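Below is one structure; the comments refer to it alone.
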Amino acid sequence: MSASRQRTLSGGGQIVLDYLKRMQAENPSFYYAVQGDNDHSAGNIFWADATSRMNYNYFGDAVTFDTACRTNRYRVPLTAFTGLNHHGQPVLFGCALLFNESESSFVWLFQSWLNAMSGRAPVSITTDPDRFIQVAVSQVLPETRHRFSKCGIFRETQEKLAHIYQSHPTFEPEFQKCINETETIDEFESCWESLLERYYLMDNEWLQSMYSARQQWVPVYMRDTFFGEMHANKGNEGMSSFFDGYVNAATTIQMLIKQYEKAVASWHEKELKADYDTSNTTPVLKTPSPMEKQAANLYTRKIFIKFQAELVETLANPATKIDDSGTVTTYRVSKFGDDHKAHSVRFNAFEMKASCSCQMFEFSGIICRHILAVFRAKNVLTLPSQYILKRWTRNAKSGAVLDEQASELPSNSRESLTVRYNSLRQEAIKYVEEGAKSIHVYNVAMDALQEAVRKVAAAKNKGPGAAQGGTLENGGNQEMCAREENRTAPYQSVDEKEKKIHDLASELESTNQRCEVYRANLLAVLKDMEDQKLKLSVKVQNARLSLKE
């Protein structure tokens, strides 16, 4: 998998490049970069649209580098940087076409991606166990915790030990159990040694190399780092989830852009639906705990359900005090009848801080049942703020991230066209999401949008605002050729600035049209709800008549 490969797609790369140029011309926040041949026909291409860059600000703490297309030898050498949003759904942080796969290509790709993300490295990144990728991560993201995908490890193990898999059918489930079900380092070490002895694999070079790299892929070694997954032992089985159903072995370079746009639009719709469900439906509470009610109001629906499951489990996981040093009290927490799997929780009542040996909060950002059991024993009624990760809340995207970034820039940069464009665009997105929540709010929002379009058009024709601007600073129109030279965006003319203002007005008009789509969808949902209410009402009425009879 680590061999350098050159792929030629009959000029297909130029089709993608033309698309990226057009997108960047329409939106200055669209970023792309090219490395390779002077005519770009077989050069590596990276891009990240404005939404991807914005989402990274909110959810870029844990990243997956998806090379499924490369691993499966698809016709299109697509790779993607992805993560999870506040609903636990896949979210895109950028894509690349790697026609030339070499160590320097991966280094270039990771550097281009980091530039697009304003130089802010993630806490963790998950990739396939590839030598070239490992070099790129160590060079470009030296402070980021690098994890190898378990599915990649299992796939390569099956290839390297094919004879063992065929002659010993029990090896695979035992191997996976050793990786997935051991809860401590000592337990894993003992299980690994026993497994190798049982199948006479103590001298197997592949397994020795995997054992040497165990701190980069075995879950018990990774729990002290945030990966944004719900289960430390069950994560990263499939890394291609964002483009599943849209890009496959039959996808050609000519089809790619259309399929890419379909995937992006589909996941955006799913996020909007999850937002709607979180805001407009009430979860069923299972306990009288004020903490459960607090969490229901804070978290998105999927994350609340995970938290709720942990909270309910405290009823079967009592906390027993085993040491009290004054400031810190240590508790032993275990399930009834399962004492051999106890966890240790250290609790500082003064600072209202707790740490558990399972390290679920550190790994997933959701507090575990063991700490919650201690809170229950200590009568802690609400969740302390340090255990509420904003990225999992329904307000994960609230707050002006761009404004915070802009305040740290020099004043001339803060006044640049790019910052203004991004700020307006983000506010427009939030406006659409809020405006589509009910018919009444939709009508108010639509009137306000139409008024805004008139005001923008009027401002474009008069006043100094139309004649002011700045340099385009996002780097989105870079084209890095074989020498990987950067091209700096030129200063813009008055006509270009007016064109950007016109584009903003067009985007407002486009927002107007999207509102119509959301309105139709919401009306369908509301109609369905009314139908369900009517059916329920009929059932209740029939039940009452039956009782009277």
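Identifiers for the structure tokens are assigned positionally: chains receive A, B, ... in sequence, residues are indexed from 1 per chain, and ligands are indexed from 1 in the order shown.
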(message) Set the distance at 9 Å and use only C-alpha atoms: which residues neighbour Lys335 (chain A) once local chain neighbours fewer than 6 positions away are removed? I'd like the list as a list in words.
(response) Glu313, Thr314, Ala316, Asn317, Pro318, Lys341 and Ala342 of chain A
Take the residues from that selection and write them out as a short mmCIF file (atom, residue, chain, number, x, y, z; two decimals), in the first residue's frame, keeping all heavy atoms.
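Okay, again.cif is ready:
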```
data_model
loop_
_atom_site.label_atom_id
_atom_site.label_comp_id
_atom_site.auth_asym_id
_atom_site.auth_seq_id
_atom_site.Cartn_x
_atom_site.Cartn_y
_atom_site.Cartn_z
N GLU A 313 -27.41 3.88 33.83
CA GLU A 313 -26.54 2.79 34.30
C GLU A 313 -25.98 3.04 35.70
O GLU A 313 -25.50 2.11 36.34
CB GLU A 313 -25.38 2.58 33.32
CG GLU A 313 -25.74 1.77 32.09
CD GLU A 313 -26.14 0.33 32.43
OE1 GLU A 313 -25.52 -0.26 33.33
OE2 GLU A 313 -27.08 -0.18 31.81
N THR A 314 -26.05 4.27 36.18
CA THR A 314 -25.55 4.53 37.54
C THR A 314 -26.38 3.78 38.58
O THR A 314 -25.89 3.49 39.68
CB THR A 314 -25.59 6.04 37.88
OG1 THR A 314 -26.94 6.51 37.85
CG2 THR A 314 -24.76 6.83 36.90
N ALA A 316 -27.21 0.77 38.44
CA ALA A 316 -26.64 -0.58 38.58
C ALA A 316 -25.14 -0.55 38.83
O ALA A 316 -24.50 -1.60 38.87
CB ALA A 316 -26.94 -1.39 37.33
N ASN A 317 -24.58 0.65 39.01
CA ASN A 317 -23.13 0.79 39.24
C ASN A 317 -22.88 1.67 40.46
O ASN A 317 -22.52 2.85 40.33
CB ASN A 317 -22.46 1.41 38.01
CG ASN A 317 -22.36 0.45 36.84
OD1 ASN A 317 -21.35 -0.22 36.65
ND2 ASN A 317 -23.42 0.37 36.04
N PRO A 318 -23.06 1.15 41.66
CA PRO A 318 -22.86 1.95 42.86
C PRO A 318 -21.40 2.33 43.07
O PRO A 318 -20.49 1.61 42.66
CB PRO A 318 -23.35 1.03 43.97
CG PRO A 318 -23.16 -0.35 43.43
CD PRO A 318 -23.43 -0.25 41.97
N LYS A 341 -14.58 -6.17 37.13
CA LYS A 341 -14.41 -5.12 36.12
C LYS A 341 -14.65 -3.73 36.73
O LYS A 341 -15.25 -2.86 36.09
CB LYS A 341 -15.36 -5.34 34.94
CG LYS A 341 -14.95 -6.52 34.05
CD LYS A 341 -15.78 -6.54 32.79
CE LYS A 341 -15.29 -7.64 31.85
NZ LYS A 341 -16.07 -7.68 30.59
N ALA A 342 -14.20 -3.55 37.93
CA ALA A 342 -14.40 -2.27 38.63
C ALA A 342 -13.52 -1.17 38.03
O ALA A 342 -12.45 -1.44 37.48
CB ALA A 342 -14.09 -2.44 40.10
#
```
(request) Enumerate, as JSON, numbers by chain, the complete set of residues in region 160-333 of chain A that a backbone-based DSSP assignment places in alpha helix (DSSP H). (result) {"A": [160, 162, 163, 164, 165, 166, 167, 171, 172, 173, 174, 175, 176, 177, 178, 179, 180, 185, 186, 187, 188, 189, 190, 191, 192, 193, 194, 195, 196, 197, 198, 205, 206, 207, 208, 209, 210, 211, 212, 219, 220, 221, 222, 253, 254, 255, 256, 257, 258, 259, 260, 261, 262, 263, 264, 265, 266, 267, 268, 269, 270, 271, 272, 273, 274, 275, 276, 277, 278, 279, 280, 290, 291, 292, 293, 294, 295, 296, 297, 298, 301, 302, 303, 304, 305, 306, 307, 308, 309, 310, 311, 312, 313]}
Dump of C-alpha atoms for the selected residues, as an mmCIF file, in the first residue's frame:
```
data_model
loop_
_atom_site.group_PDB
_atom_site.id
_atom_site.type_symbol
_atom_site.label_atom_id
_atom_site.label_comp_id
_atom_site.auth_asym_id
_atom_site.auth_seq_id
_atom_site.Cartn_x
_atom_site.Cartn_y
_atom_site.Cartn_z
ATOM 1 C CA LYS A 160 -0.350 -11.113 5.953
ATOM 2 C CA ALA A 162 -4.000 -15.562 5.271
ATOM 3 C CA HIS A 163 -2.672 -19.067 5.990
ATOM 4 C CA ILE A 164 -3.526 -18.718 9.690
ATOM 5 C CA TYR A 165 -7.009 -17.376 8.956
ATOM 6 C CA GLN A 166 -7.673 -20.351 6.659
ATOM 7 C CA SER A 167 -6.215 -23.093 8.855
ATOM 8 C CA PHE A 171 -7.926 -17.002 15.241
ATOM 9 C CA GLU A 172 -9.781 -13.992 13.802
ATOM 10 C CA PRO A 173 -12.470 -13.694 16.521
ATOM 11 C CA GLU A 174 -9.867 -14.250 19.229
ATOM 12 C CA PHE A 175 -7.551 -11.653 17.686
ATOM 13 C CA GLN A 176 -10.363 -9.075 17.484
ATOM 14 C CA LYS A 177 -11.484 -9.866 21.025
ATOM 15 C CA CYS A 178 -7.936 -9.259 22.254
ATOM 16 C CA ILE A 179 -7.978 -5.824 20.622
ATOM 17 C CA ASN A 180 -11.571 -4.737 21.261
ATOM 18 C CA ILE A 185 -2.959 -2.381 29.280
ATOM 19 C CA ASP A 186 -1.991 -5.355 31.472
ATOM 20 C CA GLU A 187 -5.031 -7.280 30.269
ATOM 21 C CA PHE A 188 -4.148 -6.585 26.634
ATOM 22 C CA GLU A 189 -0.496 -7.536 27.094
ATOM 23 C CA SER A 190 -1.454 -10.820 28.729
ATOM 24 C CA CYS A 191 -4.091 -11.611 26.105
ATOM 25 C CA TRP A 192 -1.716 -10.794 23.210
ATOM 26 C CA GLU A 193 1.048 -13.012 24.559
ATOM 27 C CA SER A 194 -1.390 -15.867 25.173
ATOM 28 C CA LEU A 195 -2.819 -15.528 21.647
ATOM 29 C CA LEU A 196 0.580 -15.687 19.953
ATOM 30 C CA GLU A 197 1.638 -18.672 22.037
ATOM 31 C CA ARG A 198 -1.591 -20.561 21.334
ATOM 32 C CA GLU A 205 7.382 -10.468 11.828
ATOM 33 C CA TRP A 206 4.063 -8.827 10.932
ATOM 34 C CA LEU A 207 2.597 -9.307 14.402
ATOM 35 C CA GLN A 208 5.857 -8.139 15.962
ATOM 36 C CA SER A 209 5.695 -4.918 13.926
ATOM 37 C CA MET A 210 2.058 -4.415 14.896
ATOM 38 C CA TYR A 211 2.905 -4.964 18.554
ATOM 39 C CA SER A 212 5.714 -2.394 18.305
ATOM 40 C CA PRO A 219 -7.752 1.162 22.044
ATOM 41 C CA VAL A 220 -6.424 0.778 25.594
ATOM 42 C CA TYR A 221 -3.449 2.966 24.652
ATOM 43 C CA MET A 222 -5.529 5.675 22.963
ATOM 44 C CA ILE A 253 -13.524 11.410 -12.912
ATOM 45 C CA GLN A 254 -16.226 12.883 -15.171
ATOM 46 C CA MET A 255 -18.909 11.772 -12.671
ATOM 47 C CA LEU A 256 -16.995 12.783 -9.544
ATOM 48 C CA ILE A 257 -18.027 16.425 -9.151
ATOM 49 C CA LYS A 258 -21.719 15.611 -9.497
ATOM 50 C CA GLN A 259 -21.432 12.788 -6.948
ATOM 51 C CA TYR A 260 -19.369 14.985 -4.632
ATOM 52 C CA GLU A 261 -22.058 17.691 -4.700
ATOM 53 C CA LYS A 262 -24.776 15.095 -4.076
ATOM 54 C CA ALA A 263 -22.960 13.768 -1.005
ATOM 55 C CA VAL A 264 -22.397 17.269 0.379
ATOM 56 C CA ALA A 265 -26.036 18.243 -0.170
ATOM 57 C CA SER A 266 -27.334 14.987 1.327
ATOM 58 C CA TRP A 267 -25.334 15.301 4.542
ATOM 59 C CA HIS A 268 -26.321 18.954 4.832
ATOM 60 C CA GLU A 269 -29.991 17.956 4.631
ATOM 61 C CA LYS A 270 -29.451 15.241 7.249
ATOM 62 C CA GLU A 271 -27.843 17.782 9.563
ATOM 63 C CA LEU A 272 -30.754 20.178 9.115
ATOM 64 C CA LYS A 273 -33.198 17.362 9.900
ATOM 65 C CA ALA A 274 -31.238 16.426 13.027
ATOM 66 C CA ASP A 275 -31.227 20.107 14.046
ATOM 67 C CA TYR A 276 -34.984 20.254 13.537
ATOM 68 C CA ASP A 277 -35.601 17.054 15.520
ATOM 69 C CA THR A 278 -33.416 18.292 18.369
ATOM 70 C CA SER A 279 -35.149 21.685 18.538
ATOM 71 C CA ASN A 280 -38.757 20.620 17.988
ATOM 72 C CA PRO A 290 -32.282 17.457 37.344
ATOM 73 C CA MET A 291 -29.052 16.517 35.566
ATOM 74 C CA GLU A 292 -30.969 14.509 32.981
ATOM 75 C CA LYS A 293 -33.295 17.425 32.296
ATOM 76 C CA GLN A 294 -30.285 19.757 32.045
ATOM 77 C CA ALA A 295 -28.594 17.444 29.546
ATOM 78 C CA ALA A 296 -31.785 17.130 27.480
ATOM 79 C CA ASN A 297 -31.813 20.911 27.048
ATOM 80 C CA LEU A 298 -28.089 21.132 26.246
ATOM 81 C CA ARG A 301 -30.662 14.347 20.533
ATOM 82 C CA LYS A 302 -28.162 11.616 19.660
ATOM 83 C CA ILE A 303 -25.635 12.774 22.240
ATOM 84 C CA PHE A 304 -28.324 13.132 24.900
ATOM 85 C CA ILE A 305 -29.438 9.530 24.312
ATOM 86 C CA LYS A 306 -25.847 8.396 24.867
ATOM 87 C CA PHE A 307 -25.573 10.507 28.032
ATOM 88 C CA GLN A 308 -28.956 9.249 29.235
ATOM 89 C CA ALA A 309 -27.824 5.624 28.853
ATOM 90 C CA GLU A 310 -24.788 6.361 31.014
ATOM 91 C CA LEU A 311 -26.938 8.115 33.619
ATOM 92 C CA VAL A 312 -29.423 5.242 33.837
ATOM 93 C CA GLU A 313 -26.541 2.794 34.298
#
```
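You will find CA of Phe227 (chain A) at 5.6 Å from CA of Phe363 (chain A).
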(request) Give me, please, the distance in Å between CA of Thr67 (chain A) and CA of Leu98 (chain A), quoted to one decimal. (result)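 Pair CA of Thr67 (chain A) / CA of Leu98 (chain A) returns 10.0 Å.
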(message) Going by DSSP on the backbone, which residues of region 234-427 of chain A come out as strand (DSSP E)? List them as a list in words.
(response) Ala319, Thr320, Lys321, Ile322, Asp323, Asp324, Val328, Thr329, Thr330, Tyr331, Arg332, Val333, His343, Ser344, Val345, Arg346, Phe347, Asn348, Lys353, Ala354, Ser355 and Cys356 of chain A
For those residues, write N, CA and C atoms to a file as a PDB file, in the first residue's frame.
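Once everything was written out, this is result_21.pdb:
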```
ATOM      1  N   ALA A 319     -21.193   3.485  43.697  1.00  0.00           N
ATOM      2  CA  ALA A 319     -19.837   3.968  43.999  1.00  0.00           C
ATOM      3  C   ALA A 319     -19.522   3.704  45.466  1.00  0.00           C
ATOM      4  N   THR A 320     -18.367   3.100  45.703  1.00  0.00           N
ATOM      5  CA  THR A 320     -17.934   2.783  47.061  1.00  0.00           C
ATOM      6  C   THR A 320     -16.643   3.523  47.371  1.00  0.00           C
ATOM      7  N   LYS A 321     -16.644   4.293  48.462  1.00  0.00           N
ATOM      8  CA  LYS A 321     -15.440   5.045  48.831  1.00  0.00           C
ATOM      9  C   LYS A 321     -14.366   4.077  49.325  1.00  0.00           C
ATOM     10  N   ILE A 322     -13.140   4.207  48.761  1.00  0.00           N
ATOM     11  CA  ILE A 322     -12.053   3.323  49.188  1.00  0.00           C
ATOM     12  C   ILE A 322     -10.860   4.100  49.742  1.00  0.00           C
ATOM     13  N   ASP A 323     -10.841   5.432  49.514  1.00  0.00           N
ATOM     14  CA  ASP A 323      -9.731   6.223  50.062  1.00  0.00           C
ATOM     15  C   ASP A 323     -10.146   7.690  50.118  1.00  0.00           C
ATOM     16  N   ASP A 324      -9.694   8.362  51.182  1.00  0.00           N
ATOM     17  CA  ASP A 324     -10.009   9.789  51.336  1.00  0.00           C
ATOM     18  C   ASP A 324      -8.782  10.497  51.877  1.00  0.00           C
ATOM     19  N   VAL A 328      -8.835  14.891  47.751  1.00  0.00           N
ATOM     20  CA  VAL A 328      -9.289  13.966  46.714  1.00  0.00           C
ATOM     21  C   VAL A 328      -9.803  12.684  47.360  1.00  0.00           C
ATOM     22  N   THR A 329     -10.982  12.272  46.933  1.00  0.00           N
ATOM     23  CA  THR A 329     -11.570  11.022  47.417  1.00  0.00           C
ATOM     24  C   THR A 329     -11.602  10.033  46.265  1.00  0.00           C
ATOM     25  N   THR A 330     -11.217   8.791  46.550  1.00  0.00           N
ATOM     26  CA  THR A 330     -11.195   7.752  45.517  1.00  0.00           C
ATOM     27  C   THR A 330     -12.346   6.778  45.747  1.00  0.00           C
ATOM     28  N   TYR A 331     -13.048   6.473  44.644  1.00  0.00           N
ATOM     29  CA  TYR A 331     -14.191   5.558  44.694  1.00  0.00           C
ATOM     30  C   TYR A 331     -13.941   4.369  43.776  1.00  0.00           C
ATOM     31  N   ARG A 332     -14.532   3.271  44.155  1.00  0.00           N
ATOM     32  CA  ARG A 332     -14.526   2.068  43.320  1.00  0.00           C
ATOM     33  C   ARG A 332     -15.941   1.893  42.782  1.00  0.00           C
ATOM     34  N   VAL A 333     -16.064   1.838  41.452  1.00  0.00           N
ATOM     35  CA  VAL A 333     -17.381   1.731  40.829  1.00  0.00           C
ATOM     36  C   VAL A 333     -17.431   0.467  39.973  1.00  0.00           C
ATOM     37  N   HIS A 343     -13.998   0.072  38.128  1.00  0.00           N
ATOM     38  CA  HIS A 343     -13.226   1.236  37.703  1.00  0.00           C
ATOM     39  C   HIS A 343     -12.989   2.155  38.897  1.00  0.00           C
ATOM     40  N   SER A 344     -11.900   2.879  38.814  1.00  0.00           N
ATOM     41  CA  SER A 344     -11.515   3.780  39.901  1.00  0.00           C
ATOM     42  C   SER A 344     -11.787   5.227  39.504  1.00  0.00           C
ATOM     43  N   VAL A 345     -12.476   5.961  40.389  1.00  0.00           N
ATOM     44  CA  VAL A 345     -12.800   7.368  40.139  1.00  0.00           C
ATOM     45  C   VAL A 345     -12.199   8.231  41.246  1.00  0.00           C
ATOM     46  N   ARG A 346     -11.434   9.226  40.856  1.00  0.00           N
ATOM     47  CA  ARG A 346     -10.864  10.191  41.808  1.00  0.00           C
ATOM     48  C   ARG A 346     -11.675  11.485  41.720  1.00  0.00           C
ATOM     49  N   PHE A 347     -12.165  11.955  42.875  1.00  0.00           N
ATOM     50  CA  PHE A 347     -13.088  13.090  42.891  1.00  0.00           C
ATOM     51  C   PHE A 347     -12.579  14.187  43.814  1.00  0.00           C
ATOM     52  N   ASN A 348     -12.467  15.405  43.254  1.00  0.00           N
ATOM     53  CA  ASN A 348     -12.080  16.576  44.030  1.00  0.00           C
ATOM     54  C   ASN A 348     -13.335  17.427  44.224  1.00  0.00           C
ATOM     55  N   LYS A 353     -14.158  18.298  40.227  1.00  0.00           N
ATOM     56  CA  LYS A 353     -13.518  17.581  39.124  1.00  0.00           C
ATOM     57  C   LYS A 353     -13.378  16.109  39.472  1.00  0.00           C
ATOM     58  N   ALA A 354     -13.543  15.274  38.460  1.00  0.00           N
ATOM     59  CA  ALA A 354     -13.411  13.836  38.654  1.00  0.00           C
ATOM     60  C   ALA A 354     -12.696  13.227  37.454  1.00  0.00           C
ATOM     61  N   SER A 355     -11.965  12.161  37.695  1.00  0.00           N
ATOM     62  CA  SER A 355     -11.309  11.433  36.606  1.00  0.00           C
ATOM     63  C   SER A 355     -11.537   9.947  36.827  1.00  0.00           C
ATOM     64  N   CYS A 356     -11.791   9.236  35.727  1.00  0.00           N
ATOM     65  CA  CYS A 356     -12.099   7.809  35.814  1.00  0.00           C
ATOM     66  C   CYS A 356     -11.055   7.000  35.054  1.00  0.00           C
TER      67      CYS A 356
END
```
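Minimum atom-to-atom distances from A:Lys378, A:Leu315, A:Tyr199, A:Ile45 to Lys286 (chain A) were compared using only C-alpha atoms, and the lowest value belongs to A:Leu315.
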(request) Grab the CA of Leu383 (chain A) to CA of Ser289 (chain A) distance for me, in Å with one decimal place. (result)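 So the answer is 10.7 Å.
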(message) From the options A:Ser124, A:Gln216, A:Ser241, A:Ser102, which residue's atoms come nearest to Ala80 (chain A), counting only C-alpha atoms?
(response) A:Ser241
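The closest residue to Ile367 (chain A), picked from A:Leu78, A:Ala428, A:Met230, A:Leu20 and counting only C-alpha atoms, is A:Met230.
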(message) Considering only C-alpha atoms, can you say which of A:Asn443, A:Thr225, A:Ser138, A:Ser357 comes closest to Ala62 (chain A)?
(response)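 Closest candidate: A:Thr225.
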